[in-house]
Amino acid sequence: MSNIRIPNGNQRIEKMMERAEADCAQAFARVDAIEKTNTRRVISAFQEHRVSLRHFSGTTGYGYDDIGRDTLSRLFRDALGAEDAVVRPQITCGTHALAICLYAVLRPGDEMLAAAGKPYDTLEEVIGLTGTSGQGSLKDFGIGYRQAELTPEGKLDMRAIFDQMTPQVKLVLIQRSRGYAWRPSLSVGEINDAIDAIHAVRPDICVMVDNCYGEFTDAQEPRADIMAGSLIKNPGGGIAPTGGYVAGKKEFVEKAVCRLNAPGIGGEVGSYSAGYQSFYQGLFLAPHTVAQALKSAILAARAFQLAGFDVNPAYDAPRNDIIQAIGLRSPERLIRFIQAIQMCSPVDSEALPEPWDMPGYQNKVIMAAGTFVAGASIELSADAPIREPYAAYLQGALTYQHGRMALEGALSLLADEGLLEEVAESR
């Protein structure tokens, strides 16, 4: 626990924040236009399915004919532009949703191909790249793994992907977000072009997209055969208390829901006694909440660039997820930045995060998450593995003003402790 409070009144930092905010005006306008498009699509889905108070009620037992559950899935289907979708509170996290998809599609003797380099850390044990054998990884079931690296520019390398597409490859995984990698996130256009190219050569292959952190950052979503995400990230709008979704082509979504429940039962069962209002309201808020997070990320990029740090992406670059990477160059600076974000949180601001061996990760991780929903990445949070290049991965903010305040506080703390590089006034 800590009684430290973020310093304020640093005129140099205040001036830098004002300049950064002014520089971001055009980027903010692009975000506003995307929010407008996505809000219209979500509202249209609500109206098309005649959402009313009766859809918010909980159910118990088997949950047969649960109108709230089933309508929520249809709303996500339409909001994501998919053929079908399943949304369940019982999906515990993004990794769980992704694992459901992998196990639904792949069979012993098959291979999967990661088309965007090594997947996010928490999938490594699911695949069997790390961890103890015998725990039910894909490797334990005789499912092989292949990997195609991105180009030096961080783009999908279609030649490398085709070179790895053996007859045994039955699923190609494309990770939209950067994860813990210093690379650009992939655009919807780039992903869709890759999907079309893969299907032109191998129409039998299922192309899966890890859509975590990407929903509603663009005016459209990937045309994946199957994709998945977490409701405590973008599509839950900061309101959903738990849950995840799988969306895509009907045949693959049906396989996924059979994996989630059981063959022969599929999506016909599954109750939730707490009720569904927060999930509906979260989806309604999602386009706006994501826009607030994007603006906070854009401001972070410009402010820390002015302070002399490397950032990825740049403040004026296209946004394909809510994550902002900030290269802090040393473990000490990285840890203090993460701690500063925690200090600026509305919840648990007195806590002082320290690096620890977090389940599913291969390095010690430090994580700031002073959130109303525990660990919700759509709320202002920051985390990082303690490894080079000592980059912090900032995401979320339910309100832009909270994001701005926290960024100013973090810069002020680094400056007051002598950890801030000289401000590059000429930038």
# chains A, B, ... in the order shown; residues from 1 in each chain; ligands from 1
$ residues_around --residues "Leu420 of chain A" --least-positions-apart "6" --cutoff "10 Å" --atoms "only C-alpha atoms" --output "ChimeraX atom specification"
/A:304,307-309,328,333,411-414
$ residues_around --residues "segment 72-74 of chain A" --least-positions-apart "6" --cutoff "12 Å" --atoms "only C-alpha atoms" --output "PyMOL selection string"
chain A and resi 42+45-52+55-57+66+80-89+235-236+243-248+250+253+257+267+275-284
$ write_last_selection --atoms "C-alpha atoms" --output "PDB file, in the first residue's frame"
ATOM      1  CA  VAL A  42     -25.598  -0.473 -32.560  1.00  0.00           C
ATOM      2  CA  ALA A  45     -29.583  -3.409 -33.948  1.00  0.00           C
ATOM      3  CA  PHE A  46     -31.346  -2.570 -30.664  1.00  0.00           C
ATOM      4  CA  GLN A  47     -34.355  -1.231 -32.553  1.00  0.00           C
ATOM      5  CA  GLU A  48     -34.447  -4.099 -35.043  1.00  0.00           C
ATOM      6  CA  HIS A  49     -34.638  -6.638 -32.208  1.00  0.00           C
ATOM      7  CA  ARG A  50     -37.118  -4.544 -30.177  1.00  0.00           C
ATOM      8  CA  VAL A  51     -35.090  -4.618 -27.007  1.00  0.00           C
ATOM      9  CA  SER A  52     -37.253  -3.975 -23.940  1.00  0.00           C
ATOM     10  CA  HIS A  55     -34.742  -8.851 -22.131  1.00  0.00           C
ATOM     11  CA  PHE A  56     -32.858  -7.788 -19.004  1.00  0.00           C
ATOM     12  CA  SER A  57     -34.353 -10.410 -16.673  1.00  0.00           C
ATOM     13  CA  ASP A  66     -33.796 -17.402 -22.443  1.00  0.00           C
ATOM     14  CA  LEU A  80     -20.093  -6.947 -35.444  1.00  0.00           C
ATOM     15  CA  GLY A  81     -21.420  -7.571 -38.956  1.00  0.00           C
ATOM     16  CA  ALA A  82     -21.203 -11.346 -38.515  1.00  0.00           C
ATOM     17  CA  GLU A  83     -23.376 -14.222 -39.717  1.00  0.00           C
ATOM     18  CA  ASP A  84     -23.857 -15.523 -36.174  1.00  0.00           C
ATOM     19  CA  ALA A  85     -22.613 -14.891 -32.639  1.00  0.00           C
ATOM     20  CA  VAL A  86     -22.781 -16.331 -29.156  1.00  0.00           C
ATOM     21  CA  VAL A  87     -22.384 -14.142 -26.059  1.00  0.00           C
ATOM     22  CA  ARG A  88     -22.123 -15.679 -22.607  1.00  0.00           C
ATOM     23  CA  PRO A  89     -21.285 -14.445 -19.110  1.00  0.00           C
ATOM     24  CA  PRO A 235     -17.605  -4.422 -26.447  1.00  0.00           C
ATOM     25  CA  GLY A 236     -18.675  -4.405 -22.796  1.00  0.00           C
ATOM     26  CA  GLY A 243     -18.164 -12.512 -20.238  1.00  0.00           C
ATOM     27  CA  GLY A 244     -16.994 -12.960 -23.780  1.00  0.00           C
ATOM     28  CA  TYR A 245     -18.234 -13.545 -27.323  1.00  0.00           C
ATOM     29  CA  VAL A 246     -17.568 -15.645 -30.386  1.00  0.00           C
ATOM     30  CA  ALA A 247     -18.799 -14.408 -33.776  1.00  0.00           C
ATOM     31  CA  GLY A 248     -18.404 -15.316 -37.431  1.00  0.00           C
ATOM     32  CA  LYS A 250     -22.707 -19.901 -38.488  1.00  0.00           C
ATOM     33  CA  VAL A 253     -20.039 -20.444 -34.162  1.00  0.00           C
ATOM     34  CA  VAL A 257     -20.966 -23.173 -28.627  1.00  0.00           C
ATOM     35  CA  GLY A 267     -26.602 -22.883 -27.375  1.00  0.00           C
ATOM     36  CA  GLY A 275     -29.819 -10.570 -15.433  1.00  0.00           C
ATOM     37  CA  TYR A 276     -28.502  -9.056 -18.640  1.00  0.00           C
ATOM     38  CA  GLN A 277     -29.023  -5.301 -18.297  1.00  0.00           C
ATOM     39  CA  SER A 278     -25.320  -4.527 -17.851  1.00  0.00           C
ATOM     40  CA  PHE A 279     -24.433  -6.457 -21.017  1.00  0.00           C
ATOM     41  CA  TYR A 280     -27.038  -4.657 -23.115  1.00  0.00           C
ATOM     42  CA  GLN A 281     -26.114  -1.288 -21.662  1.00  0.00           C
ATOM     43  CA  GLY A 282     -22.421  -2.044 -22.139  1.00  0.00           C
ATOM     44  CA  LEU A 283     -22.899  -2.764 -25.841  1.00  0.00           C
ATOM     45  CA  PHE A 284     -24.927   0.441 -26.185  1.00  0.00           C
TER      46      PHE A 284
END
$ residues_around --residues "segment 349-364 of chain A" --least-positions-apart "6" --cutoff "12 Å" --atoms "only C-alpha atoms" --output "tab-separated table (two decimals) with N, CA, C and O atoms, in the first residue's frame"
chain	number	residue	atom	x	y	z
A	1	MET	N	0.85	-1.19	0.00
A	1	MET	CA	0.00	0.00	0.00
A	1	MET	C	0.87	1.23	0.00
A	1	MET	O	1.99	1.23	0.50
A	2	SER	N	0.36	2.32	-0.53
A	2	SER	CA	1.15	3.54	-0.61
A	2	SER	C	0.28	4.74	-0.30
A	2	SER	O	-0.89	4.80	-0.65
A	3	ASN	N	0.88	5.70	0.40
A	3	ASN	CA	0.21	6.97	0.65
A	3	ASN	C	0.70	8.05	-0.30
A	3	ASN	O	0.37	9.23	-0.14
A	4	ILE	N	1.50	7.68	-1.30
A	4	ILE	CA	2.02	8.64	-2.26
A	4	ILE	C	0.87	9.19	-3.08
A	4	ILE	O	-0.04	8.47	-3.49
A	5	ARG	N	0.90	10.49	-3.32
A	5	ARG	CA	-0.07	11.12	-4.19
A	5	ARG	C	0.66	11.74	-5.37
A	5	ARG	O	1.76	12.26	-5.22
A	6	ILE	N	0.03	11.68	-6.52
A	6	ILE	CA	0.64	12.23	-7.71
A	6	ILE	C	0.83	13.73	-7.53
A	6	ILE	O	-0.09	14.45	-7.13
A	95	THR	N	-8.83	-14.94	-23.41
A	95	THR	CA	-8.10	-16.17	-23.66
A	95	THR	C	-9.05	-17.37	-23.70
A	95	THR	O	-8.90	-18.28	-24.52
A	96	HIS	N	-10.02	-17.39	-22.79
A	96	HIS	CA	-11.02	-18.47	-22.77
A	96	HIS	C	-11.80	-18.48	-24.08
A	96	HIS	O	-12.00	-19.54	-24.70
A	119	PRO	N	1.61	-15.56	-30.86
A	119	PRO	CA	0.40	-14.97	-30.28
A	119	PRO	C	0.66	-14.36	-28.90
A	119	PRO	O	1.74	-14.53	-28.31
A	120	TYR	N	-0.35	-13.71	-28.40
A	120	TYR	CA	-0.31	-13.09	-27.07
A	120	TYR	C	0.10	-14.12	-26.02
A	120	TYR	O	-0.24	-15.29	-26.11
A	121	ASP	N	0.83	-13.65	-25.01
A	121	ASP	CA	1.46	-14.53	-24.03
A	121	ASP	C	0.53	-15.60	-23.46
A	121	ASP	O	0.93	-16.75	-23.27
A	122	THR	N	-0.71	-15.23	-23.14
A	122	THR	CA	-1.60	-16.17	-22.46
A	122	THR	C	-2.05	-17.33	-23.34
A	122	THR	O	-2.60	-18.30	-22.84
A	123	LEU	N	-1.84	-17.24	-24.65
A	123	LEU	CA	-2.18	-18.36	-25.53
A	123	LEU	C	-1.07	-19.39	-25.63
A	123	LEU	O	-1.28	-20.49	-26.16
A	124	GLU	N	0.12	-19.06	-25.14
A	124	GLU	CA	1.25	-19.98	-25.30
A	124	GLU	C	0.99	-21.33	-24.63
A	124	GLU	O	1.30	-22.38	-25.19
A	125	GLU	N	0.41	-21.33	-23.44
A	125	GLU	CA	0.13	-22.59	-22.75
A	125	GLU	C	-1.09	-23.29	-23.35
A	125	GLU	O	-1.19	-24.52	-23.30
A	126	VAL	N	-2.02	-22.53	-23.91
A	126	VAL	CA	-3.15	-23.14	-24.61
A	126	VAL	C	-2.65	-23.94	-25.80
A	126	VAL	O	-3.08	-25.08	-26.04
A	127	ILE	N	-1.72	-23.36	-26.55
A	127	ILE	CA	-1.18	-24.02	-27.73
A	127	ILE	C	-0.24	-25.15	-27.34
A	127	ILE	O	-0.17	-26.18	-28.02
A	128	GLY	N	0.50	-24.95	-26.25
A	128	GLY	CA	1.49	-25.93	-25.83
A	128	GLY	C	2.90	-25.48	-26.11
A	128	GLY	O	3.84	-26.30	-26.06
A	129	LEU	N	3.09	-24.19	-26.38
A	129	LEU	CA	4.44	-23.66	-26.61
A	129	LEU	C	5.23	-23.61	-25.31
A	129	LEU	O	6.46	-23.73	-25.31
A	130	THR	N	4.53	-23.39	-24.21
A	130	THR	CA	5.13	-23.39	-22.88
A	130	THR	C	4.20	-24.12	-21.94
A	130	THR	O	3.10	-24.52	-22.31
A	131	GLY	N	4.62	-24.27	-20.69
A	131	GLY	CA	3.77	-24.88	-19.69
A	131	GLY	C	4.00	-26.37	-19.56
A	131	GLY	O	4.80	-26.99	-20.27
A	132	THR	N	3.25	-26.97	-18.65
A	132	THR	CA	3.40	-28.39	-18.32
A	132	THR	C	2.55	-29.24	-19.26
A	132	THR	O	1.38	-28.93	-19.50
A	179	GLY	N	-0.65	-6.85	-28.74
A	179	GLY	CA	-0.27	-7.61	-27.57
A	179	GLY	C	0.90	-6.95	-26.87
A	179	GLY	O	0.98	-5.73	-26.76
A	180	TYR	N	1.85	-7.76	-26.42
A	180	TYR	CA	3.08	-7.24	-25.80
A	180	TYR	C	4.20	-7.20	-26.84
A	180	TYR	O	5.30	-7.69	-26.62
A	331	PRO	N	13.76	-0.43	-16.45
A	331	PRO	CA	12.79	-1.05	-15.53
A	331	PRO	C	12.28	-0.06	-14.49
A	331	PRO	O	11.09	-0.07	-14.16
A	332	GLU	N	13.14	0.80	-13.98
A	332	GLU	CA	12.73	1.75	-12.94
A	332	GLU	C	11.67	2.70	-13.47
A	332	GLU	O	10.64	2.93	-12.82
A	334	LEU	N	9.73	2.26	-16.07
A	334	LEU	CA	8.55	1.48	-16.40
A	334	LEU	C	7.69	1.23	-15.17
A	334	LEU	O	6.47	1.45	-15.17
A	335	ILE	N	8.31	0.78	-14.10
A	335	ILE	CA	7.57	0.47	-12.87
A	335	ILE	C	6.91	1.72	-12.30
A	335	ILE	O	5.74	1.69	-11.89
A	336	ARG	N	7.63	2.84	-12.29
A	336	ARG	CA	7.05	4.06	-11.73
A	336	ARG	C	5.89	4.58	-12.59
A	336	ARG	O	4.91	5.11	-12.05
A	337	PHE	N	5.97	4.41	-13.90
A	337	PHE	CA	4.86	4.82	-14.75
A	337	PHE	C	3.61	4.00	-14.44
A	337	PHE	O	2.51	4.55	-14.27
A	338	ILE	N	3.76	2.68	-14.35
A	338	ILE	CA	2.62	1.82	-14.04
A	338	ILE	C	2.04	2.18	-12.68
A	338	ILE	O	0.81	2.26	-12.50
A	339	GLN	N	2.90	2.41	-11.71
A	339	GLN	CA	2.43	2.80	-10.38
A	339	GLN	C	1.70	4.13	-10.40
A	339	GLN	O	0.71	4.32	-9.69
A	340	ALA	N	2.16	5.05	-11.23
A	340	ALA	CA	1.51	6.35	-11.33
A	340	ALA	C	0.10	6.23	-11.89
A	340	ALA	O	-0.83	6.92	-11.43
A	341	ILE	N	-0.09	5.35	-12.87
A	341	ILE	CA	-1.44	5.14	-13.42
A	341	ILE	C	-2.36	4.59	-12.33
A	341	ILE	O	-3.52	5.00	-12.20
A	342	GLN	N	-1.84	3.66	-11.51
A	342	GLN	CA	-2.64	3.14	-10.40
A	342	GLN	C	-3.01	4.25	-9.41
A	342	GLN	O	-4.14	4.32	-8.92
A	343	MET	N	-2.05	5.12	-9.11
A	343	MET	CA	-2.30	6.21	-8.17
A	343	MET	C	-3.39	7.16	-8.66
A	343	MET	O	-4.08	7.79	-7.86
A	370	GLY	N	-6.86	0.02	-11.47
A	370	GLY	CA	-7.76	0.55	-10.45
A	370	GLY	C	-9.15	0.72	-11.04
A	370	GLY	O	-9.63	1.85	-11.24
A	371	THR	N	-9.79	-0.40	-11.32
A	371	THR	CA	-11.01	-0.41	-12.14
A	371	THR	C	-12.24	-0.84	-11.34
A	371	THR	O	-12.13	-1.56	-10.35
A	372	PHE	N	-13.39	-0.42	-11.81
A	372	PHE	CA	-14.65	-0.81	-11.17
A	372	PHE	C	-14.95	-2.28	-11.43
A	372	PHE	O	-15.47	-2.98	-10.56
A	381	SER	N	-6.05	1.51	-17.66
A	381	SER	CA	-5.16	0.53	-17.06
A	381	SER	C	-3.86	0.53	-17.83
A	381	SER	O	-3.76	1.09	-18.93
A	382	ALA	N	-2.86	-0.08	-17.26
A	382	ALA	CA	-1.57	-0.18	-17.93
A	382	ALA	C	-0.85	-1.40	-17.39
A	382	ALA	O	-0.95	-1.71	-16.21
A	383	ASP	N	-0.16	-2.10	-18.26
A	383	ASP	CA	0.58	-3.27	-17.82
A	383	ASP	C	1.79	-3.46	-18.71
A	383	ASP	O	1.90	-2.88	-19.79
A	384	ALA	N	2.70	-4.28	-18.23
A	384	ALA	CA	3.93	-4.50	-18.98
A	384	ALA	C	4.66	-5.72	-18.45
A	384	ALA	O	4.72	-5.94	-17.25
A	385	PRO	N	5.25	-6.51	-19.35
A	385	PRO	CA	6.21	-7.52	-18.91
A	385	PRO	C	7.53	-6.84	-18.60
A	385	PRO	O	7.91	-5.87	-19.27
A	386	ILE	N	8.23	-7.31	-17.60
A	386	ILE	CA	9.50	-6.70	-17.24
A	386	ILE	C	10.58	-7.32	-18.13
A	386	ILE	O	11.27	-8.29	-17.77
A	387	ARG	N	10.66	-6.80	-19.33
A	387	ARG	CA	11.64	-7.25	-20.32
A	387	ARG	C	11.86	-6.11	-21.32
A	387	ARG	O	11.02	-5.21	-21.46
A	388	GLU	N	12.97	-6.15	-21.99
A	388	GLU	CA	13.25	-5.13	-23.00
A	388	GLU	C	12.19	-5.18	-24.09
A	388	GLU	O	11.69	-6.26	-24.41
A	390	TYR	N	11.25	-2.55	-22.32
A	390	TYR	CA	10.66	-1.89	-21.16
A	390	TYR	C	9.55	-0.93	-21.59
A	390	TYR	O	9.54	0.25	-21.26
A	406	ALA	N	-4.67	11.38	-15.67
A	406	ALA	CA	-3.70	10.35	-15.29
A	406	ALA	C	-2.39	10.52	-16.04
A	406	ALA	O	-1.30	10.33	-15.48
$ residues_around --residues "segment 314-326 of chain A" --least-positions-apart "6" --cutoff "6 Å" --atoms "only C-alpha atoms" --output "NGL selection string"
:A and (27 or 177 or 185 or 187 or 213-214 or 217 or 294 or 297-298 or 301-302 or 391-395)
